[in-house]
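S.K.: Quick one: this structure, given as structure tokens, is what I'll be asking you about.
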Amino acid sequence: MALRYFCNTKISTYHHRHAKEALVELRSSIENVKSLISNTLKLPSLSSSSSSSSSPLQSLQRGNWVKLICGASFEDVVDIRNLSLVYTLSGVDCIDCAADASVVSAVNEGIEAATEIAGLQKRPWVMISVNDDKDLHFRKAEFDPEDCPADCSRPCEIVCPANAISFLGKSASGTSSNTELPRILVDGVITERCYGCGRCLPVCPYDKIREVTYVRDAATTADLLRRDDVDAMEIHTSGRQSAQFKELWCALGDSVENLKLIAVSLPNGGASTISSMNEMFSIMKPNLQCFNLWQLDGRPMSGDIGRGATKETIAFAIELAKAINRPPGFLQLAGGTNAHTIDGLRKKGLFQTTSIAVDSSNSADALIGGIAYGGYARKVTCLLSILCYLPYGSNLYMAIYQMMILRLLRLLVEY
């Protein structure tokens with residue numbers, strides 16, 4: 001079930017008369033958590049002048065950039081507003097979301113709510129994700145529930161990390177993705193919640209589930225980039241077809257001129273990776289008027305699986321950090337990133353360092369600019385669902401809220 005936007009909805013629905021008192025308690029709760037982190041986990045307080053005044057660009061240069069990946073195909077705006085609110089409070093530098101106008105608005109609403117609640121000075125950049133060709137991040141699962149045998153154990157519903165598969169029936173009510181009004185859920189895949197992880201595909205005992213892939217429209221993307229509430233763009237590419245990358249880049253035209261950062265997300269292509277990166281950079285360079293970043297997608301959408309999932313993205317980072325002829329741009333890890341990623345980088349001598357055995361850069365910037373958290377980040381916010389059923393501002397509500405923020409801030413503990 002989609003989550004309610006608890007900052008506003010809970011106040012108006014449950015305790016409007018006590019909203020002011022609840023908000024004071026909430027702010028106190030946030031400050032207590034920040035103090036706890038500062039004193040026990042040695043993370044500078046998010047309200048300190050050194051951190052609140054630092055920009056996302058400075059975070060990249062220092063190697064402490066943290067990005068939240070809402071999901072290139074995830075379009076449940078209620079959950080997205082919640083995620084954006086909580087992670088803005090946690091101090092992330094960037095929030096990456098689907099290239100959809102309603103999703104972008106939801107991200108900004110969450111950021112604004114967090115800023116109002118905590119009086120934050122630091123505002124994360126809003127990034128939209130697009131693709132130049134077929135990509136795992138741009139797909140949806142689909143099946144006809146009428147084809148499902150009545151005695152099926154429904155393993156698809158069990159393995160779905162997004163709760164995007166429903167067998168509640170047509171009479172069950174929920175919350176619409178684009179409005180707070182009730183809606184009617186039907187059996188099958190809840191399209192806006194599916195972000196294309198693909199875990200349901202191999203477990204269907206009757207092979208009834210299929211994937212639907214798509215490519216974001218360049219003209220629609222260009223319109224989004226011209227909005228004043230979009231700061232960055234990420235292009236997902238396989239790196240194998242520079243012609244398709246060039247076609248997309250040219251179609252975007254001058255819409256990229258006002259961006260603060262352009263990222264390219266690519267998998268490990270082995271020996272051809274560096275040459276592909278250089279070719280893509282040469283395509284972008286003539287009208288690249290901002291900083292650029294290479295997102296190293298080691299093991300796509302696997303960060304919530306376990307310790308081993310992060311090995312591939314760390315190996316990818318080692319390979320790129322040692323490369324002599326890599327093109328300009330920050331390096332950032334993704335795909336398999338989780339609570340074990342920082343330890344893995346530290347063991348390899350890549351955590352917040354500017355040198356390695358072979359260093360191709362004379363820059364004082366960190367070799368690895370930062371980390372993006374996707375599936376893992378969304379997983380640790382599951383306590384949000386509990387908050388939907390509790391009175392806003394109650395002791396239990398605040399206790400769970402503090403616990404949730406603490407868990408999120410642990411992602412930033414080394415930063």
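Note on naming: chains are A, B, ... as they come in the structure tokens, residues start from 1 per chain, ligands start from 1 in the order shown.
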Within 10 Å of Gly370 of chain A, counting only C-alpha atoms, which residues show up once you throw out same-chain ones fewer than 4 positions away? Write them as a VMD selection string, please.
M.R.: chain A and resid 59 to 67 93 295 330 to 334 342 351 to 352 366 415
S.K.: Generate a file of the selected residues that holds N, CA, C and O atoms, formatted as a PDB file, in the first residue's frame.
M.R.:
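Below is the file that was written, part33.pdb:
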ATOM      1  N   SER A  59      31.031  18.220  -1.606  1.00  0.00           N
ATOM      2  CA  SER A  59      30.973  16.829  -1.158  1.00  0.00           C
ATOM      3  C   SER A  59      31.655  15.907  -2.171  1.00  0.00           C
ATOM      4  O   SER A  59      32.383  14.978  -1.794  1.00  0.00           O
ATOM      5  N   LEU A  60      31.432  16.136  -3.456  1.00  0.00           N
ATOM      6  CA  LEU A  60      32.090  15.349  -4.492  1.00  0.00           C
ATOM      7  C   LEU A  60      33.603  15.509  -4.432  1.00  0.00           C
ATOM      8  O   LEU A  60      34.353  14.538  -4.553  1.00  0.00           O
ATOM      9  N   GLN A  61      34.041  16.734  -4.242  1.00  0.00           N
ATOM     10  CA  GLN A  61      35.473  16.998  -4.214  1.00  0.00           C
ATOM     11  C   GLN A  61      36.153  16.356  -3.012  1.00  0.00           C
ATOM     12  O   GLN A  61      37.292  15.907  -3.100  1.00  0.00           O
ATOM     13  N   ARG A  62      35.427  16.275  -1.905  1.00  0.00           N
ATOM     14  CA  ARG A  62      35.983  15.692  -0.681  1.00  0.00           C
ATOM     15  C   ARG A  62      35.836  14.179  -0.621  1.00  0.00           C
ATOM     16  O   ARG A  62      36.456  13.520   0.217  1.00  0.00           O
ATOM     17  N   GLY A  63      34.986  13.632  -1.477  1.00  0.00           N
ATOM     18  CA  GLY A  63      34.754  12.197  -1.450  1.00  0.00           C
ATOM     19  C   GLY A  63      33.689  11.778  -0.464  1.00  0.00           C
ATOM     20  O   GLY A  63      33.655  10.614  -0.035  1.00  0.00           O
ATOM     21  N   ASN A  64      32.787  12.686  -0.093  1.00  0.00           N
ATOM     22  CA  ASN A  64      31.713  12.326   0.849  1.00  0.00           C
ATOM     23  C   ASN A  64      30.329  12.628   0.275  1.00  0.00           C
ATOM     24  O   ASN A  64      29.394  12.956   0.994  1.00  0.00           O
ATOM     25  N   TRP A  65      30.214  12.507  -1.033  1.00  0.00           N
ATOM     26  CA  TRP A  65      28.937  12.699  -1.736  1.00  0.00           C
ATOM     27  C   TRP A  65      28.048  11.487  -1.506  1.00  0.00           C
ATOM     28  O   TRP A  65      28.477  10.340  -1.628  1.00  0.00           O
ATOM     29  N   VAL A  66      26.786  11.721  -1.168  1.00  0.00           N
ATOM     30  CA  VAL A  66      25.817  10.644  -0.997  1.00  0.00           C
ATOM     31  C   VAL A  66      24.567  10.976  -1.811  1.00  0.00           C
ATOM     32  O   VAL A  66      23.997  12.057  -1.677  1.00  0.00           O
ATOM     33  N   LYS A  67      24.161  10.035  -2.650  1.00  0.00           N
ATOM     34  CA  LYS A  67      22.978  10.239  -3.484  1.00  0.00           C
ATOM     35  C   LYS A  67      21.927   9.188  -3.167  1.00  0.00           C
ATOM     36  O   LYS A  67      22.241   8.004  -3.005  1.00  0.00           O
ATOM     37  N   ASP A  93      23.268  14.620  -0.649  1.00  0.00           N
ATOM     38  CA  ASP A  93      23.664  15.685  -1.565  1.00  0.00           C
ATOM     39  C   ASP A  93      22.829  15.720  -2.829  1.00  0.00           C
ATOM     40  O   ASP A  93      22.792  16.741  -3.519  1.00  0.00           O
ATOM     41  N   GLN A 295      28.880   7.261 -13.121  1.00  0.00           N
ATOM     42  CA  GLN A 295      28.303   6.359 -12.122  1.00  0.00           C
ATOM     43  C   GLN A 295      28.672   4.929 -12.506  1.00  0.00           C
ATOM     44  O   GLN A 295      28.261   4.425 -13.554  1.00  0.00           O
ATOM     45  N   PHE A 330      33.972  13.143 -12.078  1.00  0.00           N
ATOM     46  CA  PHE A 330      33.971  12.456 -10.787  1.00  0.00           C
ATOM     47  C   PHE A 330      33.552  11.000 -10.970  1.00  0.00           C
ATOM     48  O   PHE A 330      32.802  10.669 -11.893  1.00  0.00           O
ATOM     49  N   LEU A 331      34.024  10.135 -10.069  1.00  0.00           N
ATOM     50  CA  LEU A 331      33.612   8.738 -10.052  1.00  0.00           C
ATOM     51  C   LEU A 331      32.717   8.498  -8.846  1.00  0.00           C
ATOM     52  O   LEU A 331      33.015   8.954  -7.743  1.00  0.00           O
ATOM     53  N   GLN A 332      31.611   7.796  -9.060  1.00  0.00           N
ATOM     54  CA  GLN A 332      30.670   7.515  -7.980  1.00  0.00           C
ATOM     55  C   GLN A 332      30.169   6.085  -8.098  1.00  0.00           C
ATOM     56  O   GLN A 332      29.848   5.617  -9.187  1.00  0.00           O
ATOM     57  N   LEU A 333      30.097   5.377  -6.980  1.00  0.00           N
ATOM     58  CA  LEU A 333      29.675   3.989  -6.961  1.00  0.00           C
ATOM     59  C   LEU A 333      28.163   3.867  -6.926  1.00  0.00           C
ATOM     60  O   LEU A 333      27.477   4.693  -6.324  1.00  0.00           O
ATOM     61  N   ALA A 334      27.647   2.812  -7.535  1.00  0.00           N
ATOM     62  CA  ALA A 334      26.225   2.456  -7.480  1.00  0.00           C
ATOM     63  C   ALA A 334      26.123   0.979  -7.826  1.00  0.00           C
ATOM     64  O   ALA A 334      27.111   0.326  -8.147  1.00  0.00           O
ATOM     65  N   ILE A 342      31.447   1.086   2.201  1.00  0.00           N
ATOM     66  CA  ILE A 342      32.496   1.957   2.717  1.00  0.00           C
ATOM     67  C   ILE A 342      33.659   1.142   3.276  1.00  0.00           C
ATOM     68  O   ILE A 342      34.828   1.447   3.019  1.00  0.00           O
ATOM     69  N   PHE A 351      38.921   4.963   0.009  1.00  0.00           N
ATOM     70  CA  PHE A 351      37.949   5.786   0.723  1.00  0.00           C
ATOM     71  C   PHE A 351      38.542   7.146   1.055  1.00  0.00           C
ATOM     72  O   PHE A 351      39.529   7.260   1.778  1.00  0.00           O
ATOM     73  N   GLN A 352      37.962   8.192   0.486  1.00  0.00           N
ATOM     74  CA  GLN A 352      38.385   9.570   0.720  1.00  0.00           C
ATOM     75  C   GLN A 352      39.882   9.738   0.528  1.00  0.00           C
ATOM     76  O   GLN A 352      40.576  10.332   1.346  1.00  0.00           O
ATOM     77  N   ALA A 366      38.950  13.902  -4.443  1.00  0.00           N
ATOM     78  CA  ALA A 366      38.993  12.485  -4.081  1.00  0.00           C
ATOM     79  C   ALA A 366      38.843  11.628  -5.327  1.00  0.00           C
ATOM     80  O   ALA A 366      38.108  11.974  -6.254  1.00  0.00           O
ATOM     81  N   TYR A 415      31.001   9.657   6.624  1.00  0.00           N
ATOM     82  CA  TYR A 415      31.138  10.894   5.870  1.00  0.00           C
ATOM     83  C   TYR A 415      31.120  12.097   6.783  1.00  0.00           C
ATOM     84  O   TYR A 415      30.940  13.192   6.380  1.00  0.00           O
TER      85      TYR A 415
END
S.K.: Fewer than 3 positions away in the same chain doesn't count, so skip those; otherwise give me all residues within 12 Å of Glu279 of chain A, counting only C-alpha atoms, as a list in words.
M.R.: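 Neighbouring residues, sequence-local ones excluded: Gly239, Arg240, Gln241, Ser242, Ala243, Phe245, Lys246, Ser272, Thr273, Ile274, Ser275, Ser276, Ser282, Ile283, Met284, Lys285, Asn325, Arg326, Pro327 and Pro328 of chain A.
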S.K.: From the options A:Met233, A:Leu120, A:Cys160, A:Val126, which residue's atoms come nearest to Cys290 of chain A, counting only C-alpha atoms?
M.R.: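 Distance minimum relative to Cys290 of chain A lands on A:Met233.
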S.K.: Just want the 7 Å neighbourhood of Tyr214 of chain A, counted on only C-alpha atoms, with same-chain residues fewer than 6 positions away dropped. Output as an MDAnalysis selection string.
M.R.: chainID A and resid 134 138:139
S.K.: Those same residues, written as a compact mmCIF listing (two decimals), in the first residue's frame with N, CA and C atoms?
M.R.:
# COMPACT_ATOMS: atom_id res chain seq x y z
N LYS A 134 17.66 0.27 -24.34
CA LYS A 134 17.10 -0.68 -23.38
C LYS A 134 18.01 -0.79 -22.17
N PHE A 138 14.88 0.76 -16.64
CA PHE A 138 13.72 1.33 -17.34
C PHE A 138 12.83 0.21 -17.85
N ARG A 139 12.28 -0.50 -16.93
CA ARG A 139 11.36 -1.59 -17.28
C ARG A 139 10.34 -1.75 -16.18
S.K.: To test your reading of the structure, identify every residue in segment 168-328 of chain A that backbone DSSP assigns to strand (DSSP E or B), and report it as a PyMOL selection string.
M.R.: chain A and resi 173-175+182-184+188-189+210-213+232-236+261-266+291-297
S.K.: Can I get the selected residues back with N, CA and C atoms, as a PDB file, in the first residue's frame?
M.R.:
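Written out: again.pdb:
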ATOM      1  N   SER A 173      -9.364  -0.846  -1.232  1.00  0.00           N
ATOM      2  CA  SER A 173      -9.044   0.554  -1.462  1.00  0.00           C
ATOM      3  C   SER A 173      -7.638   0.838  -1.003  1.00  0.00           C
ATOM      4  N   GLY A 174      -7.023   1.857  -1.618  1.00  0.00           N
ATOM      5  CA  GLY A 174      -5.669   2.246  -1.252  1.00  0.00           C
ATOM      6  C   GLY A 174      -5.511   3.738  -1.411  1.00  0.00           C
ATOM      7  N   THR A 175      -4.291   4.178  -1.692  1.00  0.00           N
ATOM      8  CA  THR A 175      -4.021   5.585  -1.888  1.00  0.00           C
ATOM      9  C   THR A 175      -3.407   5.780  -3.255  1.00  0.00           C
ATOM     10  N   PRO A 182      -8.847   8.261  -2.321  1.00  0.00           N
ATOM     11  CA  PRO A 182      -8.857   6.798  -2.409  1.00  0.00           C
ATOM     12  C   PRO A 182      -8.898   6.339  -3.862  1.00  0.00           C
ATOM     13  N   ARG A 183      -8.391   5.134  -4.080  1.00  0.00           N
ATOM     14  CA  ARG A 183      -8.469   4.547  -5.399  1.00  0.00           C
ATOM     15  C   ARG A 183      -8.849   3.091  -5.251  1.00  0.00           C
ATOM     16  N   ILE A 184      -9.096   2.454  -6.340  1.00  0.00           N
ATOM     17  CA  ILE A 184      -9.419   1.041  -6.340  1.00  0.00           C
ATOM     18  C   ILE A 184      -8.222   0.248  -6.857  1.00  0.00           C
ATOM     19  N   GLY A 188      -2.688  -7.733  -9.712  1.00  0.00           N
ATOM     20  CA  GLY A 188      -1.609  -7.624 -10.685  1.00  0.00           C
ATOM     21  C   GLY A 188      -0.526  -6.667 -10.218  1.00  0.00           C
ATOM     22  N   VAL A 189       0.209  -6.110 -11.166  1.00  0.00           N
ATOM     23  CA  VAL A 189       1.313  -5.202 -10.859  1.00  0.00           C
ATOM     24  C   VAL A 189       0.795  -3.776 -10.716  1.00  0.00           C
ATOM     25  N   ARG A 210       5.953 -10.982 -17.622  1.00  0.00           N
ATOM     26  CA  ARG A 210       6.800 -10.478 -18.694  1.00  0.00           C
ATOM     27  C   ARG A 210       7.303  -9.082 -18.315  1.00  0.00           C
ATOM     28  N   GLU A 211       8.376  -8.668 -18.943  1.00  0.00           N
ATOM     29  CA  GLU A 211       8.909  -7.327 -18.698  1.00  0.00           C
ATOM     30  C   GLU A 211       8.604  -6.408 -19.871  1.00  0.00           C
ATOM     31  N   VAL A 212       8.302  -5.173 -19.548  1.00  0.00           N
ATOM     32  CA  VAL A 212       8.029  -4.147 -20.551  1.00  0.00           C
ATOM     33  C   VAL A 212       9.090  -3.072 -20.402  1.00  0.00           C
ATOM     34  N   THR A 213       9.860  -2.844 -21.435  1.00  0.00           N
ATOM     35  CA  THR A 213      10.933  -1.848 -21.378  1.00  0.00           C
ATOM     36  C   THR A 213      10.538  -0.609 -22.187  1.00  0.00           C
ATOM     37  N   ALA A 232      20.217  18.407 -12.098  1.00  0.00           N
ATOM     38  CA  ALA A 232      21.168  17.483 -12.707  1.00  0.00           C
ATOM     39  C   ALA A 232      20.437  16.426 -13.525  1.00  0.00           C
ATOM     40  N   MET A 233      21.189  15.747 -14.378  1.00  0.00           N
ATOM     41  CA  MET A 233      20.635  14.684 -15.207  1.00  0.00           C
ATOM     42  C   MET A 233      21.608  13.517 -15.226  1.00  0.00           C
ATOM     43  N   GLU A 234      21.033  12.309 -15.283  1.00  0.00           N
ATOM     44  CA  GLU A 234      21.852  11.113 -15.417  1.00  0.00           C
ATOM     45  C   GLU A 234      21.393  10.326 -16.641  1.00  0.00           C
ATOM     46  N   ILE A 235      22.342   9.961 -17.496  1.00  0.00           N
ATOM     47  CA  ILE A 235      22.047   9.165 -18.685  1.00  0.00           C
ATOM     48  C   ILE A 235      22.514   7.736 -18.439  1.00  0.00           C
ATOM     49  N   HIS A 236      21.589   6.797 -18.464  1.00  0.00           N
ATOM     50  CA  HIS A 236      21.934   5.386 -18.348  1.00  0.00           C
ATOM     51  C   HIS A 236      22.244   4.852 -19.739  1.00  0.00           C
ATOM     52  N   LEU A 261      25.212  19.435 -12.913  1.00  0.00           N
ATOM     53  CA  LEU A 261      25.955  18.179 -13.012  1.00  0.00           C
ATOM     54  C   LEU A 261      25.288  17.283 -14.051  1.00  0.00           C
ATOM     55  N   ILE A 262      26.093  16.630 -14.866  1.00  0.00           N
ATOM     56  CA  ILE A 262      25.601  15.626 -15.801  1.00  0.00           C
ATOM     57  C   ILE A 262      26.338  14.325 -15.519  1.00  0.00           C
ATOM     58  N   ALA A 263      25.567  13.291 -15.229  1.00  0.00           N
ATOM     59  CA  ALA A 263      26.145  11.993 -14.892  1.00  0.00           C
ATOM     60  C   ALA A 263      25.855  10.994 -16.004  1.00  0.00           C
ATOM     61  N   VAL A 264      26.767  10.063 -16.176  1.00  0.00           N
ATOM     62  CA  VAL A 264      26.573   8.951 -17.099  1.00  0.00           C
ATOM     63  C   VAL A 264      26.722   7.671 -16.289  1.00  0.00           C
ATOM     64  N   SER A 265      25.669   6.865 -16.277  1.00  0.00           N
ATOM     65  CA  SER A 265      25.685   5.593 -15.543  1.00  0.00           C
ATOM     66  C   SER A 265      25.955   4.469 -16.531  1.00  0.00           C
ATOM     67  N   LEU A 266      26.977   3.677 -16.248  1.00  0.00           N
ATOM     68  CA  LEU A 266      27.345   2.615 -17.178  1.00  0.00           C
ATOM     69  C   LEU A 266      27.833   1.383 -16.418  1.00  0.00           C
ATOM     70  N   PHE A 291      29.854  20.372 -14.386  1.00  0.00           N
ATOM     71  CA  PHE A 291      30.665  19.227 -13.993  1.00  0.00           C
ATOM     72  C   PHE A 291      30.022  17.939 -14.502  1.00  0.00           C
ATOM     73  N   ASN A 292      30.850  16.918 -14.662  1.00  0.00           N
ATOM     74  CA  ASN A 292      30.313  15.625 -15.079  1.00  0.00           C
ATOM     75  C   ASN A 292      30.756  14.522 -14.128  1.00  0.00           C
ATOM     76  N   LEU A 293      29.996  13.450 -14.130  1.00  0.00           N
ATOM     77  CA  LEU A 293      30.210  12.350 -13.190  1.00  0.00           C
ATOM     78  C   LEU A 293      29.978  11.026 -13.906  1.00  0.00           C
ATOM     79  N   TRP A 294      30.780  10.021 -13.544  1.00  0.00           N
ATOM     80  CA  TRP A 294      30.608   8.669 -14.067  1.00  0.00           C
ATOM     81  C   TRP A 294      30.086   7.779 -12.953  1.00  0.00           C
ATOM     82  N   GLN A 295      28.880   7.261 -13.121  1.00  0.00           N
ATOM     83  CA  GLN A 295      28.303   6.359 -12.122  1.00  0.00           C
ATOM     84  C   GLN A 295      28.672   4.929 -12.506  1.00  0.00           C
ATOM     85  N   LEU A 296      29.413   4.269 -11.628  1.00  0.00           N
ATOM     86  CA  LEU A 296      29.910   2.929 -11.880  1.00  0.00           C
ATOM     87  C   LEU A 296      28.902   1.924 -11.355  1.00  0.00           C
ATOM     88  N   ASP A 297      28.116   1.377 -12.262  1.00  0.00           N
ATOM     89  CA  ASP A 297      26.996   0.503 -11.889  1.00  0.00           C
ATOM     90  C   ASP A 297      27.473  -0.945 -11.859  1.00  0.00           C
TER      91      ASP A 297
END
S.K.: So which bits of segment 170-357 of chain A end up helix (DSSP H, G or I) when you DSSP the backbone, as a ChimeraX atom specification?
M.R.: /A:218-225,242-256,270-287,307-322,341-347
S.K.: Which residues are close to Cys197 of chain A, i.e. within 9 Å by only C-alpha atoms, leaving aside same-chain residues fewer than 6 positions away? Reply as a ChimeraX atom specification.
M.R.: /A:136-137,139-141,160-161,300-302
S.K.: Can you write out the residues you just picked, keeping all heavy atoms, as a PDB file, in the first residue's frame?
M.R.:
ATOM      1  N   LEU A 136      18.010  -2.064 -17.726  1.00  0.00           N
ATOM      2  CA  LEU A 136      17.301  -2.723 -16.634  1.00  0.00           C
ATOM      3  C   LEU A 136      16.524  -1.751 -15.765  1.00  0.00           C
ATOM      4  O   LEU A 136      15.486  -2.103 -15.194  1.00  0.00           O
ATOM      5  CB  LEU A 136      18.293  -3.492 -15.758  1.00  0.00           C
ATOM      6  CG  LEU A 136      18.974  -4.719 -16.368  1.00  0.00           C
ATOM      7  CD1 LEU A 136      19.966  -5.300 -15.377  1.00  0.00           C
ATOM      8  CD2 LEU A 136      17.948  -5.762 -16.771  1.00  0.00           C
ATOM      9  N   HIS A 137      17.029  -0.531 -15.633  1.00  0.00           N
ATOM     10  CA  HIS A 137      16.388   0.453 -14.758  1.00  0.00           C
ATOM     11  C   HIS A 137      15.118   1.030 -15.362  1.00  0.00           C
ATOM     12  O   HIS A 137      14.383   1.741 -14.679  1.00  0.00           O
ATOM     13  CB  HIS A 137      17.364   1.583 -14.442  1.00  0.00           C
ATOM     14  CG  HIS A 137      18.623   1.128 -13.765  1.00  0.00           C
ATOM     15  ND1 HIS A 137      19.712   0.671 -14.466  1.00  0.00           N
ATOM     16  CD2 HIS A 137      18.951   1.052 -12.446  1.00  0.00           C
ATOM     17  CE1 HIS A 137      20.671   0.342 -13.619  1.00  0.00           C
ATOM     18  NE2 HIS A 137      20.236   0.560 -12.391  1.00  0.00           N
ATOM     19  N   ARG A 139      12.276  -0.503 -16.927  1.00  0.00           N
ATOM     20  CA  ARG A 139      11.365  -1.587 -17.275  1.00  0.00           C
ATOM     21  C   ARG A 139      10.335  -1.755 -16.177  1.00  0.00           C
ATOM     22  O   ARG A 139      10.508  -1.276 -15.055  1.00  0.00           O
ATOM     23  CB  ARG A 139      12.125  -2.906 -17.490  1.00  0.00           C
ATOM     24  CG  ARG A 139      12.803  -3.436 -16.227  1.00  0.00           C
ATOM     25  CD  ARG A 139      13.500  -4.759 -16.490  1.00  0.00           C
ATOM     26  NE  ARG A 139      14.127  -5.266 -15.277  1.00  0.00           N
ATOM     27  CZ  ARG A 139      14.763  -6.436 -15.198  1.00  0.00           C
ATOM     28  NH1 ARG A 139      14.846  -7.210 -16.270  1.00  0.00           N
ATOM     29  NH2 ARG A 139      15.311  -6.829 -14.061  1.00  0.00           N
ATOM     30  N   LYS A 140       9.266  -2.435 -16.512  1.00  0.00           N
ATOM     31  CA  LYS A 140       8.198  -2.752 -15.575  1.00  0.00           C
ATOM     32  C   LYS A 140       7.827  -4.223 -15.746  1.00  0.00           C
ATOM     33  O   LYS A 140       7.943  -4.784 -16.840  1.00  0.00           O
ATOM     34  CB  LYS A 140       6.958  -1.893 -15.849  1.00  0.00           C
ATOM     35  CG  LYS A 140       7.162  -0.384 -15.735  1.00  0.00           C
ATOM     36  CD  LYS A 140       7.132   0.093 -14.313  1.00  0.00           C
ATOM     37  CE  LYS A 140       7.094   1.618 -14.259  1.00  0.00           C
ATOM     38  NZ  LYS A 140       7.066   2.111 -12.856  1.00  0.00           N
ATOM     39  N   ALA A 141       7.380  -4.815 -14.660  1.00  0.00           N
ATOM     40  CA  ALA A 141       6.833  -6.171 -14.747  1.00  0.00           C
ATOM     41  C   ALA A 141       5.357  -6.071 -15.102  1.00  0.00           C
ATOM     42  O   ALA A 141       4.690  -5.074 -14.796  1.00  0.00           O
ATOM     43  CB  ALA A 141       7.013  -6.905 -13.423  1.00  0.00           C
ATOM     44  N   CYS A 160       8.765  -9.430  -4.182  1.00  0.00           N
ATOM     45  CA  CYS A 160       8.764  -8.043  -4.657  1.00  0.00           C
ATOM     46  C   CYS A 160       9.181  -7.078  -3.548  1.00  0.00           C
ATOM     47  O   CYS A 160       8.469  -6.929  -2.549  1.00  0.00           O
ATOM     48  CB  CYS A 160       7.380  -7.654  -5.174  1.00  0.00           C
ATOM     49  SG  CYS A 160       7.313  -5.948  -5.787  1.00  0.00           S
ATOM     50  N   PRO A 161      10.318  -6.391  -3.679  1.00  0.00           N
ATOM     51  CA  PRO A 161      10.775  -5.473  -2.634  1.00  0.00           C
ATOM     52  C   PRO A 161       9.995  -4.167  -2.588  1.00  0.00           C
ATOM     53  O   PRO A 161      10.089  -3.427  -1.611  1.00  0.00           O
ATOM     54  CB  PRO A 161      12.242  -5.218  -3.011  1.00  0.00           C
ATOM     55  CG  PRO A 161      12.262  -5.371  -4.496  1.00  0.00           C
ATOM     56  CD  PRO A 161      11.262  -6.456  -4.808  1.00  0.00           C
ATOM     57  N   PRO A 300      23.609  -3.893 -10.792  1.00  0.00           N
ATOM     58  CA  PRO A 300      22.393  -3.076 -10.736  1.00  0.00           C
ATOM     59  C   PRO A 300      21.327  -3.621  -9.800  1.00  0.00           C
ATOM     60  O   PRO A 300      21.023  -4.810  -9.791  1.00  0.00           O
ATOM     61  CB  PRO A 300      21.905  -3.096 -12.200  1.00  0.00           C
ATOM     62  CG  PRO A 300      23.140  -3.321 -13.002  1.00  0.00           C
ATOM     63  CD  PRO A 300      23.989  -4.232 -12.171  1.00  0.00           C
ATOM     64  N   MET A 301      20.782  -2.716  -8.997  1.00  0.00           N
ATOM     65  CA  MET A 301      19.617  -2.974  -8.137  1.00  0.00           C
ATOM     66  C   MET A 301      19.793  -4.198  -7.236  1.00  0.00           C
ATOM     67  O   MET A 301      18.899  -5.027  -7.100  1.00  0.00           O
ATOM     68  CB  MET A 301      18.353  -3.120  -8.994  1.00  0.00           C
ATOM     69  CG  MET A 301      17.995  -1.843  -9.723  1.00  0.00           C
ATOM     70  SD  MET A 301      16.485  -1.936 -10.711  1.00  0.00           S
ATOM     71  CE  MET A 301      17.010  -2.916 -12.094  1.00  0.00           C
ATOM     72  N   SER A 302      20.953  -4.301  -6.593  1.00  0.00           N
ATOM     73  CA  SER A 302      21.207  -5.472  -5.749  1.00  0.00           C
ATOM     74  C   SER A 302      21.703  -5.113  -4.356  1.00  0.00           C
ATOM     75  O   SER A 302      22.063  -5.988  -3.583  1.00  0.00           O
ATOM     76  CB  SER A 302      22.251  -6.374  -6.421  1.00  0.00           C
ATOM     77  OG  SER A 302      23.497  -5.691  -6.536  1.00  0.00           O
TER      78      SER A 302
END
S.K.: Need to verify the contact set: Glu75 of chain A, 7 Å, only C-alpha atoms, exclusion of same-chain residues closer than 5 positions in sequence. Can you return it as JSON, numbers by chain?
M.R.: {"A": [98, 103, 192, 193]}
S.K.: Pick the closest to Leu201 of chain A from A:Ala218, A:Leu224, A:Leu248, A:Cys156: which is it, counting only C-alpha atoms?
M.R.: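 Among the listed residues, A:Cys156 lies closest to Leu201 of chain A.
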S.K.: Select, from A:Phe281, A:Tyr195, A:Phe143, A:Phe316, the residue with the minimum atom-to-atom distance to Gly269 of chain A, counting only C-alpha atoms.
M.R.: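 Going through A:Phe281, A:Tyr195, A:Phe143, A:Phe316 one by one, the smallest distance to Gly269 of chain A is for A:Phe316.
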S.K.: Considering only C-alpha atoms, can you say which of A:Ile80, A:Ile318, A:Glu109, A:Phe167 comes closest to Ser153 of chain A?
M.R.: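 Nearest to Ser153 of chain A: A:Phe167.
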S.K.: With only C-alpha atoms as the counted atoms, please give the residues lying no more than 7 Å from Arg81 of chain A, apart from itself and same-chain residues fewer than 3 positions off, as number ranges by chain.
M.R.: A: 5, 77-78, 84-85, 106-107, 109-110
S.K.: Suppose you want the space between atom CA of Ile165 of chain A and atom CA of Ala99 of chain A; what is it in Å?
M.R.: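 It comes out at 22.9 Å.
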S.K.: Let me make sure I understand: among A:Ile190, A:Leu83, A:Ser54, A:Cys152, which one has the smallest atom-to-atom distance to Arg123 of chain A if we use only C-alpha atoms?
M.R.: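 Going through A:Ile190, A:Leu83, A:Ser54, A:Cys152 one by one, the smallest distance to Arg123 of chain A is for A:Ser54.
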